[in-house]
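Content type mmCIF, C-alpha atoms and all ligand atoms, from the file work_21.cif:
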data_structure
loop_
_atom_site.group_PDB
_atom_site.id
_atom_site.type_symbol
_atom_site.label_atom_id
_atom_site.label_comp_id
_atom_site.auth_asym_id
_atom_site.auth_seq_id
_atom_site.Cartn_x
_atom_site.Cartn_y
_atom_site.Cartn_z
ATOM 1 C CA MET A 1 0.000 0.000 0.000
ATOM 2 C CA ASN A 2 1.345 3.438 -0.907
ATOM 3 C CA TYR A 3 0.977 6.335 1.493
ATOM 4 C CA SER A 4 1.035 10.080 0.925
ATOM 5 C CA TRP A 5 0.637 13.242 2.993
ATOM 6 C CA ARG A 6 -2.774 14.833 2.895
ATOM 7 C CA PRO A 7 -3.740 18.280 4.229
ATOM 8 C CA VAL A 8 -6.594 17.933 6.702
ATOM 9 C CA GLU A 9 -8.686 20.175 8.897
ATOM 10 C CA LEU A 10 -9.762 18.567 12.157
ATOM 11 C CA LEU A 11 -13.135 19.195 13.737
ATOM 12 C CA ASN A 12 -12.023 22.092 15.934
ATOM 13 C CA GLY A 13 -10.273 23.898 13.083
ATOM 14 C CA ILE A 14 -6.782 22.535 13.607
ATOM 15 C CA ARG A 15 -4.882 22.259 10.343
ATOM 16 C CA ALA A 16 -2.519 19.378 9.877
ATOM 17 C CA PHE A 17 -0.908 17.019 7.397
ATOM 18 C CA ALA A 18 -1.870 13.381 7.827
ATOM 19 C CA LEU A 19 -0.475 10.231 6.275
ATOM 20 C CA ALA A 20 -3.127 8.376 4.321
ATOM 21 C CA PRO A 21 -3.164 5.378 2.018
ATOM 22 C CA GLU A 22 -3.320 6.543 -1.577
ATOM 23 C CA GLY A 23 -6.751 6.098 -3.068
ATOM 24 C CA SER A 24 -8.356 5.638 0.362
ATOM 25 C CA ALA A 25 -12.036 6.434 0.614
ATOM 26 C CA ARG A 26 -13.085 10.044 0.796
ATOM 27 C CA GLU A 27 -16.704 10.050 1.730
ATOM 28 C CA SER A 28 -18.306 13.157 0.390
ATOM 29 C CA GLY A 29 -20.060 15.150 3.058
ATOM 30 C CA PRO A 30 -23.324 16.539 1.707
ATOM 31 C CA ALA A 31 -23.178 19.692 3.841
ATOM 32 C CA ASN A 32 -19.592 20.462 3.100
ATOM 33 C CA SER A 33 -19.038 19.599 -0.542
ATOM 34 C CA ALA A 34 -20.020 23.081 -1.689
ATOM 35 C CA ALA A 35 -17.171 24.544 0.329
ATOM 36 C CA GLY A 36 -14.675 22.435 -1.605
ATOM 37 C CA ALA A 37 -13.969 20.207 1.345
ATOM 38 C CA GLU A 38 -14.933 16.604 1.905
ATOM 39 C CA HIS A 39 -15.623 14.632 5.009
ATOM 40 C CA THR A 40 -13.589 11.588 5.622
ATOM 41 C CA ALA A 41 -12.853 9.108 8.346
ATOM 42 C CA LEU A 42 -9.144 8.620 7.888
ATOM 43 C CA GLU A 43 -7.257 5.843 9.598
ATOM 44 C CA SER A 44 -3.880 7.532 9.672
ATOM 45 C CA PRO A 45 -0.533 6.165 10.810
ATOM 46 C CA GLY A 46 0.721 9.636 11.650
ATOM 47 C CA LEU A 47 0.113 13.345 11.569
ATOM 48 C CA VAL A 48 1.981 16.656 11.859
ATOM 49 C CA THR A 49 0.188 19.799 12.976
ATOM 50 C CA THR A 50 0.708 23.172 11.287
ATOM 51 C CA ARG A 51 0.680 26.555 13.069
ATOM 52 C CA ARG A 52 -3.054 27.018 12.380
ATOM 53 C CA GLY A 53 -5.870 26.376 14.809
ATOM 54 C CA GLY A 54 -4.438 27.316 18.219
ATOM 55 C CA VAL A 55 -4.597 30.205 20.694
ATOM 56 C CA SER A 56 -0.999 31.493 20.968
ATOM 57 C CA LYS A 57 -0.135 35.046 19.922
ATOM 58 C CA GLY A 58 2.727 36.891 18.267
ATOM 59 C CA PRO A 59 5.558 34.774 16.866
ATOM 60 C CA PHE A 60 3.841 31.685 18.352
ATOM 61 C CA GLU A 61 0.586 32.242 16.481
ATOM 62 C CA SER A 62 -1.179 30.091 16.874
ATOM 63 C CA LEU A 63 -0.700 26.365 17.534
ATOM 64 C CA ASN A 64 2.659 26.293 19.320
ATOM 65 C CA VAL A 65 3.155 23.122 21.415
ATOM 66 C CA SER A 66 6.480 23.917 23.102
ATOM 67 C CA PHE A 67 6.975 25.337 26.610
ATOM 68 C CA ARG A 68 10.627 25.995 25.807
ATOM 69 C CA VAL A 69 10.337 28.791 23.253
ATOM 70 C CA GLY A 70 9.039 31.719 25.343
ATOM 71 C CA ASP A 71 5.318 31.354 24.701
ATOM 72 C CA ASP A 72 2.669 31.842 27.402
ATOM 73 C CA PRO A 73 2.443 28.444 29.187
ATOM 74 C CA ALA A 74 -1.339 28.717 29.471
ATOM 75 C CA SER A 75 -1.599 29.000 25.681
ATOM 76 C CA VAL A 76 0.703 26.028 25.161
ATOM 77 C CA LYS A 77 -1.388 23.948 27.559
ATOM 78 C CA GLU A 78 -4.546 24.877 25.724
ATOM 79 C CA ASN A 79 -2.984 24.119 22.330
ATOM 80 C CA ARG A 80 -1.862 20.699 23.485
ATOM 81 C CA ALA A 81 -5.320 19.994 24.883
ATOM 82 C CA LEU A 82 -6.919 21.073 21.597
ATOM 83 C CA ILE A 83 -4.701 18.726 19.592
ATOM 84 C CA ALA A 84 -5.215 15.752 21.920
ATOM 85 C CA GLY A 85 -8.953 16.434 22.067
ATOM 86 C CA SER A 86 -9.339 16.598 18.291
ATOM 87 C CA LEU A 87 -7.733 13.163 17.974
ATOM 88 C CA GLY A 88 -9.352 11.562 21.016
ATOM 89 C CA LEU A 89 -5.954 11.116 22.694
ATOM 90 C CA ASP A 90 -5.331 11.117 26.442
ATOM 91 C CA GLN A 91 -2.600 13.671 27.187
ATOM 92 C CA GLY A 92 -1.374 11.487 30.038
ATOM 93 C CA ALA A 93 -0.637 8.684 27.576
ATOM 94 C CA CYS A 94 1.954 10.623 25.579
ATOM 95 C CA ALA A 95 5.543 9.386 25.336
ATOM 96 C CA ARG A 96 8.118 11.832 24.107
ATOM 97 C CA PRO A 97 11.879 11.835 23.616
ATOM 98 C CA GLU A 98 13.719 14.763 25.237
ATOM 99 C CA GLN A 99 15.186 15.755 21.822
ATOM 100 C CA VAL A 100 18.836 16.585 22.287
ATOM 101 C CA HIS A 101 19.949 16.413 18.609
ATOM 102 C CA GLY A 102 21.421 12.990 19.269
ATOM 103 C CA ASN A 103 20.744 9.540 17.835
ATOM 104 C CA LEU A 104 19.390 7.551 20.794
ATOM 105 C CA VAL A 105 16.185 5.638 20.014
ATOM 106 C CA LEU A 106 14.309 3.789 22.765
ATOM 107 C CA ARG A 107 11.344 1.475 23.026
ATOM 108 C CA ALA A 108 8.382 3.100 24.779
ATOM 109 C CA ASP A 109 5.535 0.891 25.906
ATOM 110 C CA GLY A 110 4.418 3.378 28.545
ATOM 111 C CA PRO A 111 3.968 7.171 28.678
ATOM 112 C CA GLY A 112 6.398 9.831 29.858
ATOM 113 C CA ASP A 113 9.444 11.750 28.671
ATOM 114 C CA ARG A 114 12.590 9.818 27.749
ATOM 115 C CA ALA A 115 15.784 11.627 28.702
ATOM 116 C CA ARG A 116 18.551 12.011 26.114
ATOM 117 C CA ALA A 117 16.523 10.271 23.411
ATOM 118 C CA ASP A 118 15.545 11.591 19.985
ATOM 119 C CA GLY A 119 13.383 8.710 18.854
ATOM 120 C CA LEU A 120 10.912 6.154 20.195
ATOM 121 C CA VAL A 121 9.292 2.977 18.918
ATOM 122 C CA SER A 122 6.205 1.293 20.313
ATOM 123 C CA ALA A 123 3.790 -1.551 19.745
ATOM 124 C CA SER A 124 1.413 -0.489 22.502
ATOM 125 C CA GLY A 125 -1.927 1.143 21.761
ATOM 126 C CA ASP A 126 -1.921 2.515 25.326
ATOM 127 C CA VAL A 127 0.657 5.133 24.426
ATOM 128 C CA TRP A 128 1.065 7.679 21.664
ATOM 129 C CA LEU A 129 4.391 9.095 20.530
ATOM 130 C CA SER A 130 5.189 12.700 19.749
ATOM 131 C CA VAL A 131 8.091 14.944 18.798
ATOM 132 C CA HIS A 132 8.176 18.724 18.426
ATOM 133 C CA VAL A 133 9.653 20.271 15.291
ATOM 134 C CA ALA A 134 10.161 23.551 13.473
ATOM 135 C CA ASP A 135 12.401 22.705 10.443
ATOM 136 C CA CYS A 136 13.852 19.439 11.779
ATOM 137 C CA VAL A 137 12.438 16.315 10.145
ATOM 138 C CA PRO A 138 9.860 14.221 11.994
ATOM 139 C CA VAL A 139 10.673 10.692 10.769
ATOM 140 C CA PHE A 140 7.830 8.169 11.008
ATOM 141 C CA VAL A 141 8.180 4.420 10.603
ATOM 142 C CA PHE A 142 5.332 1.920 10.740
ATOM 143 C CA SER A 143 4.440 -1.631 9.823
ATOM 144 C CA PRO A 144 1.765 -2.141 7.128
ATOM 145 C CA ASP A 145 -0.764 -3.245 9.785
ATOM 146 C CA LEU A 146 0.015 -0.021 11.771
ATOM 147 C CA ARG A 147 0.500 -2.058 14.956
ATOM 148 C CA ARG A 148 4.154 -1.160 15.314
ATOM 149 C CA THR A 149 5.215 2.420 14.976
ATOM 150 C CA GLY A 150 8.121 4.760 15.612
ATOM 151 C CA LEU A 151 8.973 8.439 15.456
ATOM 152 C CA ALA A 152 12.227 10.376 15.553
ATOM 153 C CA HIS A 153 13.393 13.974 15.503
ATOM 154 C CA ALA A 154 16.094 14.487 12.864
ATOM 155 C CA GLY A 155 17.844 17.819 12.537
ATOM 156 C CA ARG A 156 21.281 18.252 11.019
ATOM 157 C CA LYS A 157 23.224 16.829 13.970
ATOM 158 C CA GLY A 158 20.884 13.925 14.632
ATOM 159 C CA THR A 159 20.818 13.111 10.933
ATOM 160 C CA ALA A 160 24.611 13.188 10.707
ATOM 161 C CA ALA A 161 24.696 10.900 13.769
ATOM 162 C CA GLY A 162 22.362 8.432 12.034
ATOM 163 C CA VAL A 163 19.148 8.833 14.026
ATOM 164 C CA THR A 164 17.016 7.380 11.198
ATOM 165 C CA THR A 165 19.380 4.408 10.884
ATOM 166 C CA ASN A 166 19.003 3.867 14.634
ATOM 167 C CA LEU A 167 15.225 4.254 14.445
ATOM 168 C CA LEU A 168 15.068 1.417 11.910
ATOM 169 C CA ASN A 169 17.584 -0.724 13.790
ATOM 170 C CA MET A 170 15.610 -0.341 17.015
ATOM 171 C CA PHE A 171 12.395 -1.143 15.156
ATOM 172 C CA LYS A 172 13.967 -4.262 13.704
ATOM 173 C CA SER A 173 15.438 -5.503 16.987
ATOM 174 C CA ALA A 174 12.352 -4.664 19.084
ATOM 175 C CA PHE A 175 9.789 -6.197 16.730
ATOM 176 C CA ARG A 176 11.812 -8.627 14.573
ATOM 177 C CA CYS A 177 10.097 -7.412 11.448
ATOM 178 C CA ASP A 178 10.967 -7.499 7.762
ATOM 179 C CA VAL A 179 12.374 -4.027 7.036
ATOM 180 C CA SER A 180 11.486 -4.292 3.347
ATOM 181 C CA GLN A 181 7.800 -4.155 4.344
ATOM 182 C CA LEU A 182 8.113 -1.058 6.531
ATOM 183 C CA ILE A 183 6.936 2.397 5.522
ATOM 184 C CA VAL A 184 9.062 5.426 6.375
ATOM 185 C CA ALA A 185 7.604 8.918 6.050
ATOM 186 C CA LEU A 186 9.364 12.262 6.447
ATOM 187 C CA GLY A 187 7.108 15.063 7.640
ATOM 188 C CA PRO A 188 7.121 18.787 6.773
ATOM 189 C CA SER A 189 10.594 20.217 7.429
ATOM 190 C CA VAL A 190 13.183 22.523 5.910
ATOM 191 C CA GLY A 191 14.006 21.509 2.341
ATOM 192 C CA PRO A 192 17.183 21.616 0.244
ATOM 193 C CA CYS A 193 15.797 24.864 -1.211
ATOM 194 C CA CYS A 194 16.293 26.700 2.102
ATOM 195 C CA TYR A 195 18.759 24.858 4.331
ATOM 196 C CA GLU A 196 21.899 26.905 3.733
ATOM 197 C CA LEU A 197 25.031 26.281 5.788
ATOM 198 C CA ASP A 198 28.638 27.380 5.795
ATOM 199 C CA SER A 199 31.306 25.480 3.872
ATOM 200 C CA HIS A 200 32.959 24.174 7.051
ATOM 201 C CA THR A 201 29.724 22.615 8.343
ATOM 202 C CA ALA A 202 28.924 21.326 4.856
ATOM 203 C CA SER A 203 32.295 19.602 4.631
ATOM 204 C CA HIS A 204 31.348 17.320 7.543
ATOM 205 C CA LEU A 205 28.122 16.108 5.939
ATOM 206 C CA ARG A 206 27.485 13.377 3.400
ATOM 207 C CA ARG A 207 28.686 14.743 0.116
ATOM 208 C CA GLU A 208 25.748 13.606 -1.989
ATOM 209 C CA CYS A 209 23.414 15.441 0.397
ATOM 210 C CA VAL A 210 25.048 18.845 -0.038
ATOM 211 C CA ALA A 211 24.379 20.999 -3.098
ATOM 212 C CA GLN A 212 26.484 23.955 -4.123
ATOM 213 C CA ARG A 213 24.751 26.874 -5.808
ATOM 214 C CA ARG A 214 26.602 30.073 -6.692
ATOM 215 C CA GLY A 215 29.243 29.412 -4.073
ATOM 216 C CA ARG A 216 26.663 28.709 -1.351
ATOM 217 C CA PHE A 217 26.060 25.347 0.334
ATOM 218 C CA PHE A 218 22.673 23.721 0.932
ATOM 219 C CA PHE A 219 21.984 20.577 2.940
ATOM 220 C CA ASP A 220 19.338 18.095 1.837
ATOM 221 C CA LEU A 221 17.969 16.715 5.121
ATOM 222 C CA TRP A 222 15.276 14.876 3.188
ATOM 223 C CA LYS A 223 17.726 12.964 1.030
ATOM 224 C CA ALA A 224 20.046 12.270 3.969
ATOM 225 C CA ASN A 225 17.275 10.648 6.006
ATOM 226 C CA GLY A 226 15.763 8.949 2.961
ATOM 227 C CA LEU A 227 19.161 7.364 2.212
ATOM 228 C CA GLN A 228 19.417 6.055 5.771
ATOM 229 C CA ALA A 229 16.043 4.367 5.323
ATOM 230 C CA LEU A 230 17.055 2.815 1.975
ATOM 231 C CA GLU A 231 20.370 1.624 3.360
ATOM 232 C CA ALA A 232 18.558 -0.038 6.260
ATOM 233 C CA GLY A 233 16.542 -2.039 3.724
ATOM 234 C CA VAL A 234 13.368 0.014 3.235
ATOM 235 C CA ARG A 235 12.109 -0.116 -0.357
ATOM 236 C CA GLU A 236 12.227 3.121 -2.326
ATOM 237 C CA GLU A 237 8.471 3.077 -2.989
ATOM 238 C CA ASN A 238 7.918 2.805 0.775
ATOM 239 C CA VAL A 239 9.686 6.086 1.545
ATOM 240 C CA VAL A 240 7.260 9.027 1.672
ATOM 241 C CA MET A 241 8.905 12.409 1.212
ATOM 242 C CA PRO A 242 7.754 15.643 2.959
ATOM 243 C CA PRO A 243 4.715 17.482 1.589
ATOM 244 C CA ALA A 244 6.256 20.923 2.079
ATOM 245 C CA CYS A 245 9.292 22.931 3.101
ATOM 246 C CA THR A 246 8.587 24.650 6.416
ATOM 247 C CA SER A 247 10.814 27.610 5.531
ATOM 248 C CA CYS A 248 9.168 28.199 2.125
ATOM 249 C CA LYS A 249 5.735 27.893 3.784
ATOM 250 C CA ALA A 250 6.470 29.891 6.925
ATOM 251 C CA ASP A 251 2.906 31.257 6.984
ATOM 252 C CA LEU A 252 1.632 27.713 7.478
ATOM 253 C CA PHE A 253 4.447 26.234 9.583
ATOM 254 C CA PHE A 254 6.753 27.362 12.360
ATOM 255 C CA SER A 255 10.218 27.581 10.831
ATOM 256 C CA HIS A 256 13.320 28.097 12.933
ATOM 257 C CA ARG A 257 15.182 29.447 9.893
ATOM 258 C CA ALA A 258 12.485 31.615 8.330
ATOM 259 C CA HIS A 259 11.549 33.155 11.686
ATOM 260 C CA LYS A 260 15.155 33.645 12.767
ATOM 261 C CA GLY A 261 14.927 31.451 15.864
ATOM 262 C CA THR A 262 11.882 33.060 17.502
ATOM 263 C CA THR A 263 9.024 30.755 16.672
ATOM 264 C CA GLY A 264 6.852 27.890 17.909
ATOM 265 C CA ARG A 265 6.878 24.146 17.289
ATOM 266 C CA GLN A 266 4.659 21.748 15.362
ATOM 267 C CA MET A 267 3.667 18.428 16.917
ATOM 268 C CA ALA A 268 4.254 15.133 15.123
ATOM 269 C CA ILE A 269 2.144 12.247 16.418
ATOM 270 C CA THR A 270 1.874 8.530 15.843
ATOM 271 C CA ARG A 271 0.282 5.628 17.694
ATOM 272 C CA SER A 272 0.256 1.858 17.407
ATOM 273 C CA GLY A 273 -3.078 1.048 15.778
ATOM 274 C CA GLY A 274 -3.184 4.385 13.983
ATOM 275 C CA LEU A 275 -4.953 7.697 14.560
ATOM 276 C CA ARG A 276 -8.615 8.024 13.808
ATOM 277 C CA LEU A 277 -9.307 11.361 12.130
ATOM 278 C CA LYS A 278 -13.049 11.197 12.227
ATOM 279 C CA GLY A 279 -14.847 14.066 10.579
ATOM 280 C CA ALA A 280 -11.667 15.635 9.287
ATOM 281 C CA SER A 281 -12.121 17.483 6.060
ATOM 282 C CA VAL A 282 -9.568 17.072 3.331
ATOM 283 C CA ARG A 283 -8.567 20.335 1.773
ATOM 284 C CA GLU A 284 -8.339 20.120 -1.985
ATOM 285 C CA ASN A 285 -8.647 22.140 -5.152
ATOM 286 C CA GLY A 286 -6.117 24.878 -4.728
ATOM 287 C CA ARG A 287 -6.780 25.152 -1.005
ATOM 288 C CA ARG A 288 -3.787 22.958 -0.415
ATOM 289 C CA ASP A 289 -1.924 25.661 1.486
HETATM 290 ZN ZN ZN A 301 12.298 25.907 1.147
#
Would you mind giving the structure from this file in structure tokens?
Amino acid sequence: MNYSWRPVELLNGIRAFALAPEGSARESGPANSAAGAEHTALESPGLVTTRRGGVSKGPFESLNVSFRVGDDPASVKENRALIAGSLGLDQGACARPEQVHGNLVLRADGPGDRARADGLVSASGDVWLSVHVADCVPVFVFSPDLRRTGLAHAGRKGTAAGVTTNLLNMFKSAFRCDVSQLIVALGPSVGPCCYELDSHTASHLRRECVAQRRGRFFFDLWKANGLQALEAGVREENVVMPPACTSCKADLFFSHRAHKGTTGRQMAITRSGGLRLKGASVRENGRRD
């Protein structure tokens, strides 16, 4: 089964990108079809929020999920509650890696924060996994039956340290599964169009993932993490690339680069058994912003 990213609007107005099987049913909603949107009941292996649909103000407008960026904590709490509520998730059942730009991936069969980790895998429906991102790549991995799932945070340092390789290795050792059947999906993140770095930093990265344009250097985080998946044994057709560059689309996403460091974070979410996006409308026909 092939998966792709689909822009969705959840019931309370939260805008997100959800993974969906290609050609999956879109049940037309009679009330909504005139507005160019369609109702659907998506069974999604994973989702990444955008910055739309929350209550934060200023540079955190509006769906910031991070307490660490200078936003009003009350707004962050409300945003997190809105997201969990729209997906029917219990906030107390969230497991999250601390995110230290490293490559440690752990198995999480219960909730709570995992110190020093940047990725988690789980086969328990009692817990959902999340990472927070604003340019870094949220890397999803899941089995075709959606029962086993994993999620990692991959910025430049974590990518260079092989966090996606470790995510797949942990998945393989924890669940003894056939890697060639797994699906890996990279969520919205900064693209090779916008990720400029200096020549010194570029010289330490995989050569085929750095492009030189008019004497400037650009890192391709997407390719770097995609290659790690392929080298671990994932089939090319099972690697889903990001639907958008967060820096190019800084009106829709928080982008560390585009907003010069003062910005919020998106939430990436996955759960063993999948997420049920009941009543979500799929935005189509030029409204794919
Ligand atoms: Zn870009």
| task | Tell me, in Å to one decimal, how far atom CA of A:Gln266 is from atom CA of A:Val179. | result |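 According to the coordinates, atom CA of A:Gln266 and atom CA of A:Val179 are separated by 28.2 Å.
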| field | the PyMOL selection byres (((chain A and resi 202) around 12) and not hetatm) resolved against shown file, as an MDAnalysis selection string | value | chainID A and resid 156:157 160 195:201 203:212 216:221
| task | For ligand ZN 301 (chain A), collect every residue having any atom at a distance of at most 8 Å from a ligand atom (counting only C-alpha atoms and all ligand atoms); output as a list in words. | result |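 Using only C-alpha atoms and all ligand atoms, everything at most 8 Å from ligand ZN 301 (chain A) comes to Val190, Gly191, Pro192, Cys193, Cys194, Tyr195, Ala244, Cys245, Thr246, Ser247, Cys248 and Lys249 of chain A.
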| request: Write out as a PyMOL selection string which residues come within 10 Å of A:Trp5 when counting all atoms listed in the file, dropping same-chain ones fewer than 3 positions away. | output: chain A and resi 8+16-22+44+46-48+185-188+240-244
| request: Could you give me, as a ChimeraX atom specification, the residues within 12 Å of A:Lys172, counting only C-alpha atoms and dropping anything in the same chain fewer than 3 positions from it? | output: /A:105,107,121-122,141-143,148-150,165-169,175-182,232-234
| Shell around A:Asp113 at 6 Å using only C-alpha atoms, local window under 2 positions removed, as a PyMOL selection string | chain A and resi 95-97
Could you please take those selected residues and save C-alpha atoms as a CSV table (one decimal), in the coordinates of the input?
chain,number,residue,atom,x,y,z
A,95,ALA,CA,5.5,9.4,25.3
A,96,ARG,CA,8.1,11.8,24.1
A,97,PRO,CA,11.9,11.8,23.6
| request: Quick one: pull the distance between atom CA of A:Ile14 and atom CA of A:Arg52, Å, one decimal. | output: 6.0 Å
| request: Please identify all polymer residues within 12 Å of A:Ala81, counting only C-alpha atoms, omitting same-chain residues fewer than 4 positions from it, and present them as a PyMOL selection string. | output: chain A and resi 12+14+53-55+63-65+74-77+85-92+94
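Straight-line separation from atom CA of A:Pro73 to atom CA of A:Arg271: 25.6 Å.
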| said: Starting from the PyMOL selection byres (((chain A and resi 135) around 7) and not hetatm), expand the selection into actual residues of this file and give them as a PyMOL selection string. | reply: chain A and resi 133-134+136-137+189-190+246+255-256
Residue subset to file, keeping C-alpha atoms, as a PDB file, keeping the file's coordinate frame:
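Below is the file part-v1.pdb, written as the result:
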ATOM      1  CA  VAL A 133       9.653  20.271  15.291  1.00  0.00           C
ATOM      2  CA  ALA A 134      10.161  23.551  13.473  1.00  0.00           C
ATOM      3  CA  CYS A 136      13.852  19.439  11.779  1.00  0.00           C
ATOM      4  CA  VAL A 137      12.438  16.315  10.145  1.00  0.00           C
ATOM      5  CA  SER A 189      10.594  20.217   7.429  1.00  0.00           C
ATOM      6  CA  VAL A 190      13.183  22.523   5.910  1.00  0.00           C
ATOM      7  CA  THR A 246       8.587  24.650   6.416  1.00  0.00           C
ATOM      8  CA  SER A 255      10.218  27.581  10.831  1.00  0.00           C
ATOM      9  CA  HIS A 256      13.320  28.097  12.933  1.00  0.00           C
TER      10      HIS A 256
END
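Candidate residues A:Met267, A:Val184, A:Ala258, A:Ala250 were compared for distance to A:Arg235, and the nearest is A:Val184, using all atoms listed in the file.
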| request: Counting all atoms listed in the file, figure out which residue out of A:Trp128, A:Ser66, A:Gly119, A:Leu106 gets nearest to A:Ser173. | output: A:Leu106
| remark: For A:Phe60, the closest of A:Thr270, A:Asp251, A:Val282, A:Arg15 counting all atoms listed in the file is A:Asp251
| For A:Thr50, which of A:Arg214, A:Arg265, A:Arg68, A:His153 is the closest residue, counting only C-alpha atoms? |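 With only C-alpha atoms as the atom set, the closest residue is A:Arg265.
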| For A:Val163, the nearest of the candidates A:Arg51, A:His101, A:Arg257, A:His132, counting only C-alpha atoms |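 Nearest to A:Val163: A:His101.
Taking only C-alpha atoms into account, A:Leu42 lies nearest to A:Ser281 out of the set A:Gln228, A:Thr159, A:Ser281, A:Ser56.
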Box for stretch 168-182 of chain A: with edges along x, y and z, all listed atoms inside and 4 Å added on each side, what are the centre and edge lengths in Å to one decimal, as JSON?
{"center_x": 12.7, "center_y": -3.6, "center_z": 11.2, "size_x": 17.8, "size_y": 18.0, "size_z": 23.7}
